[in-house]
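Trainee: Please find one structure pasted underneath; my questions will follow.
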Amino acid sequence: MKLHQDFVIRIFFAASALLVLAAGLIYWLYNLQVVRQGEFNTLAQQIYIKSLSHTGNRGTIRDHFGNLLAGNENCKDIYLEPKRVPGEELPGVLIRLSESLDVDLELLQQRVNSNKVEIVIKKYVDIDLTAQVLDMKLADDEPVEGLRALDSERRTYPKRSMLANIIGFTDHENHGAFGLEQVFDEKLQQSSGKSHFIRAENGTILERQGRDPRLLDGHDIYLTIEEPLQDILQKELQNLRDEFNPTVAYAMLADPKTGRILAIAQDPSFDPNKREEMNPDHWRNRMISDVLEPGSTMKPIAITGAIQAGLMDINTHFYCEKGIWWYGGRPLKDAGHHYEDLTVHEIIQKSSNIGTAKIALAMGENRLYQTLRRFGFGERVDLGLPHESRGIFRKVPQWDKLSITRFPIGQGIAVTPVQMLQAYCALANDGRMMKLQLVDRIIAPNGNVVQSFKPEMKQQVSSPRVIQQVVNAMKTVTEEGGTARQARVQNYNVAGKTGTSQKWINGSYEGHGKYISSFIGFVPAEDPAFVLLVVADEPKGKFYGGSVCGPTFSRIAEQSLRYLNIIPPEVAHKK
Amino acid sequence: MKTQLPARRKKNLPVRAASKKKQSTGNSNVVFSYLVVLIISGALLLAGLGRVYLERRTDFLLNEQADKKEELQQLKQKHSNLLLVHEEYLTGEYIKVRARAMGLQPPQPGQILKMNQPKVESHTQTTSQPGVR
């Protein structure tokens, strides 16, 4: 009986002890799971949730249709921690790295001697080559510890020299250094961010959290340029160079109704992918920063002002002095022609200097000044590119006696090619001057349109009735008796004007034989699809605008009309 | 011929026979307990082994997945680079030369009638190349 009682007592104590232990255990678990839950969760997350810094890609630059003009090539930067390579193996590893990556061995040794923990072996290495380098083995067939590669990107221009002067390039830190790359650097710049991921015990990434890394990319810039037209321009500029070897040649094509620049090319240009071969003299965007005396291409603009003022009409006659006229003590010539009586229409067609000077005299200085200002001369076009010039166009009080006879024939006034393009766009658009545009839209990485550049009218420079009279005269420039029959385009009417100006060198226009030749016009003259300007600076062999730039104009216009599928007026009437 | 004892009679069995009966029931209980313990132990062992196997398998697959992801990333980068090369060959010059070699001629103006489709809309289809950066 006593034995039974002892047993019961023991059981009671044992059970009590277990109960106390169980209670303790439950309290402990409660403490861990409920009271200190947050603390332990944080600790756990610190262990299995890791974050990784990401940098997006720089935004791209594309033409109107999305053809890539500036993109990014994926590549790798290769690094080495020299102290993790066994001492006796290090020289051999450096030699092999130097050979396979084409890096100077001495440079690598200098970097090793700098005692940095990690040194750069080479940046912007091709992905496949990187894989080969990382597979490098030591003498004991072990991989090279401390050799690693990080993702990087290199700015690439797949169309090489196409639009190089406009697009520009980036510096070694991938910041815009020139052209649109510089202007829109803030928009194009990628951002950095962190993405979190849950990792397994061995470091394997199990689940990624946070923003899509692609959202860190920069904005994409879409231009108004149409690559096929750009290609036509560049090709024909090369032909012009081959034939006349000018120091510089450029061409621009714009839609007069919207002001959108469809193509803009300069020769010589440069390939921004080949930094070591780039000539700084070729970087300059001459179409907006260089000024030139336009020559006769200025005449229709000045004459528009005279007709608009009601001083004359297109059939008013002027006596052209049989080719030489003394005014202000200086002679003015009609380049070997001996015109007598010409109408305003004929003055445009035959490009008479004397006739135009007399029209300007009839206008007076103020009217001439106001007319040229209305057409945008003397102020920046505001294309949005750096280093844009406003040209040289003095105010009336600074004019001398000859100015009124020289400015309307494009002498003594300096304009940028893009100013001339803008003025002719107004002529082609019934006097409505549209703001010239080079950028069409900016797109965010998520596909949203951040900014869209709509056509914008600047001003009405003249009445459509007056413009029409001048355009009718310009149409005859490429016809029989005109100065630029070479600029004709089969089946289409061209309205245009030649320009041949002697260069002002060492205080003289004469004696050096250096000219600027140009042709600017629009086609079809009845309903212009585009305005095209072609300029050759110091062409060799010939120098008249009609002979040098006329054929190039014709070829570009013909191909562009074909590309744009512009139906010839006669065919359109038949349909 | 078996005769069934009345219930009353069962209760009045002799002591020895009752204890024999009790012993055999106890033995079978022990065996049953052993079996239960054995089954539970076996199940636990199997569960443990299974867990170890699955963990190893998971690790292996995760590693393989990580490798494949890395490989995929590399391929994406290479693909993106190839698209750049593709863009290089898309210049009009390249295409024109090849078109001429094939005897192709551009259409005459007016030969193709344009459809009334806004340029920007048609363009979005041609530009959806997220891989090109």
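Chains: A, B, ... in order of the structure tokens. Residues: from 1 per chain. Ligands: from 1, in order shown.
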I need the contact residues of chain A against chain B, so if you could list those with any atom within 8 Å, counting only C-alpha atoms, and return them as a ChimeraX atom specification, that would help.
Mentor: /A:57-60,64-68,71-74,127,158-159,204-206,227-228,231,561-563,565-568,571
Trainee: Kindly export the residues of the current selection with N, CA and C atoms, as an mmCIF file, in the first residue's frame.
Mentor:
data_model
loop_
_atom_site.group_PDB
_atom_site.id
_atom_site.type_symbol
_atom_site.label_atom_id
_atom_site.label_comp_id
_atom_site.auth_asym_id
_atom_site.auth_seq_id
_atom_site.Cartn_x
_atom_site.Cartn_y
_atom_site.Cartn_z
ATOM 1 N N ASN A 57 19.398 51.447 -68.657
ATOM 2 C CA ASN A 57 20.137 51.763 -69.882
ATOM 3 C C ASN A 57 19.815 53.180 -70.330
ATOM 4 N N ARG A 58 20.789 53.822 -70.957
ATOM 5 C CA ARG A 58 20.545 55.153 -71.509
ATOM 6 C C ARG A 58 19.480 55.053 -72.612
ATOM 7 N N GLY A 59 18.604 56.048 -72.658
ATOM 8 C CA GLY A 59 17.533 56.032 -73.657
ATOM 9 C C GLY A 59 18.087 56.022 -75.070
ATOM 10 N N THR A 60 17.264 55.583 -75.989
ATOM 11 C CA THR A 60 17.717 55.493 -77.376
ATOM 12 C C THR A 60 17.272 56.739 -78.159
ATOM 13 N N HIS A 64 11.727 58.910 -87.061
ATOM 14 C CA HIS A 64 10.274 59.024 -86.868
ATOM 15 C C HIS A 64 9.596 57.659 -86.776
ATOM 16 N N PHE A 65 10.119 56.696 -87.535
ATOM 17 C CA PHE A 65 9.492 55.378 -87.581
ATOM 18 C C PHE A 65 10.086 54.392 -86.584
ATOM 19 N N GLY A 66 10.972 54.867 -85.742
ATOM 20 C CA GLY A 66 11.532 53.989 -84.713
ATOM 21 C C GLY A 66 12.823 53.305 -85.129
ATOM 22 N N ASN A 67 13.345 53.620 -86.299
ATOM 23 C CA ASN A 67 14.644 53.034 -86.676
ATOM 24 C C ASN A 67 15.707 53.557 -85.733
ATOM 25 N N LEU A 68 16.504 52.642 -85.244
ATOM 26 C CA LEU A 68 17.479 53.000 -84.211
ATOM 27 C C LEU A 68 18.629 53.829 -84.777
ATOM 28 N N GLY A 71 21.914 53.618 -79.830
ATOM 29 C CA GLY A 71 21.494 52.595 -78.872
ATOM 30 C C GLY A 71 22.642 52.214 -77.957
ATOM 31 N N ASN A 72 22.464 51.106 -77.260
ATOM 32 C CA ASN A 72 23.483 50.673 -76.310
ATOM 33 C C ASN A 72 23.868 49.231 -76.578
ATOM 34 N N GLU A 73 25.156 48.991 -76.622
ATOM 35 C CA GLU A 73 25.636 47.616 -76.811
ATOM 36 C C GLU A 73 25.985 47.041 -75.446
ATOM 37 N N ASN A 74 25.457 45.847 -75.172
ATOM 38 C CA ASN A 74 25.782 45.195 -73.899
ATOM 39 C C ASN A 74 27.198 44.665 -73.957
ATOM 40 N N ILE A 127 30.881 40.115 -75.002
ATOM 41 C CA ILE A 127 30.347 39.112 -74.066
ATOM 42 C C ILE A 127 31.019 37.746 -74.253
ATOM 43 N N PRO A 158 24.415 52.650 -84.670
ATOM 44 C CA PRO A 158 24.423 51.616 -85.718
ATOM 45 C C PRO A 158 24.435 52.171 -87.132
ATOM 46 N N LYS A 159 23.992 53.399 -87.317
ATOM 47 C CA LYS A 159 23.978 53.963 -88.672
ATOM 48 C C LYS A 159 25.237 54.790 -88.927
ATOM 49 N N THR A 204 21.315 31.406 -53.859
ATOM 50 C CA THR A 204 20.514 31.394 -55.084
ATOM 51 C C THR A 204 19.327 32.354 -54.958
ATOM 52 N N ILE A 205 19.101 33.121 -55.994
ATOM 53 C CA ILE A 205 17.967 34.057 -55.978
ATOM 54 C C ILE A 205 16.678 33.285 -56.240
ATOM 55 N N LEU A 206 15.755 33.371 -55.263
ATOM 56 C CA LEU A 206 14.513 32.621 -55.409
ATOM 57 C C LEU A 206 13.399 33.479 -55.977
ATOM 58 N N GLU A 227 14.436 58.014 -91.970
ATOM 59 C CA GLU A 227 15.730 57.449 -92.344
ATOM 60 C C GLU A 227 15.897 57.215 -93.848
ATOM 61 N N PRO A 228 14.899 56.712 -94.563
ATOM 62 C CA PRO A 228 15.101 56.519 -96.008
ATOM 63 C C PRO A 228 15.430 57.827 -96.721
ATOM 64 N N ASP A 231 18.924 58.835 -95.943
ATOM 65 C CA ASP A 231 19.872 58.023 -96.705
ATOM 66 C C ASP A 231 20.043 58.570 -98.130
ATOM 67 N N LEU A 561 10.404 62.021 -103.948
ATOM 68 C CA LEU A 561 9.011 61.973 -104.415
ATOM 69 C C LEU A 561 8.563 60.528 -104.592
ATOM 70 N N ARG A 562 9.500 59.731 -105.079
ATOM 71 C CA ARG A 562 9.217 58.305 -105.263
ATOM 72 C C ARG A 562 8.966 57.643 -103.901
ATOM 73 N N TYR A 563 9.823 57.964 -102.957
ATOM 74 C CA TYR A 563 9.684 57.383 -101.611
ATOM 75 C C TYR A 563 8.374 57.827 -100.959
ATOM 76 N N ASN A 565 5.803 58.691 -102.435
ATOM 77 C CA ASN A 565 4.677 58.298 -103.293
ATOM 78 C C ASN A 565 3.791 59.499 -103.643
ATOM 79 N N ILE A 566 4.452 60.585 -104.023
ATOM 80 C CA ILE A 566 3.727 61.791 -104.433
ATOM 81 C C ILE A 566 3.345 61.644 -105.910
ATOM 82 N N ILE A 567 2.082 61.676 -106.163
ATOM 83 C CA ILE A 567 1.594 61.452 -107.529
ATOM 84 C C ILE A 567 1.831 62.708 -108.372
ATOM 85 N N PRO A 568 2.415 62.573 -109.573
ATOM 86 C CA PRO A 568 2.600 63.749 -110.438
ATOM 87 C C PRO A 568 1.253 64.415 -110.719
ATOM 88 N N VAL A 571 -0.877 62.950 -113.567
ATOM 89 C CA VAL A 571 -1.449 61.636 -113.237
ATOM 90 C C VAL A 571 -2.613 61.819 -112.273
#
Trainee: Name all residues at most 9 Å from Arg84 of chain A (count only C-alpha atoms; drop same-chain ones fewer than 2 positions away) and give them as a list in words.
Mentor: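 In the requested form, the answer reads Leu80, Glu81, Pro82, Pro86, Gly87, Val144, Glu145, Gly146 and Leu147 of chain A.
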Trainee: Report the residues of segment 93-215 of chain A whose backbone DSSP state falls under strand (DSSP E), written as a ChimeraX atom specification.
Mentor: /A:119-125,147-156,169-170,176-178,192-199,205-209
Trainee: Report the residues of segment 344-415 of chain A whose backbone DSSP state falls under alpha helix (DSSP H), written as a ChimeraX atom specification.
Mentor: /A:344-350,353-363,365-374,403-406
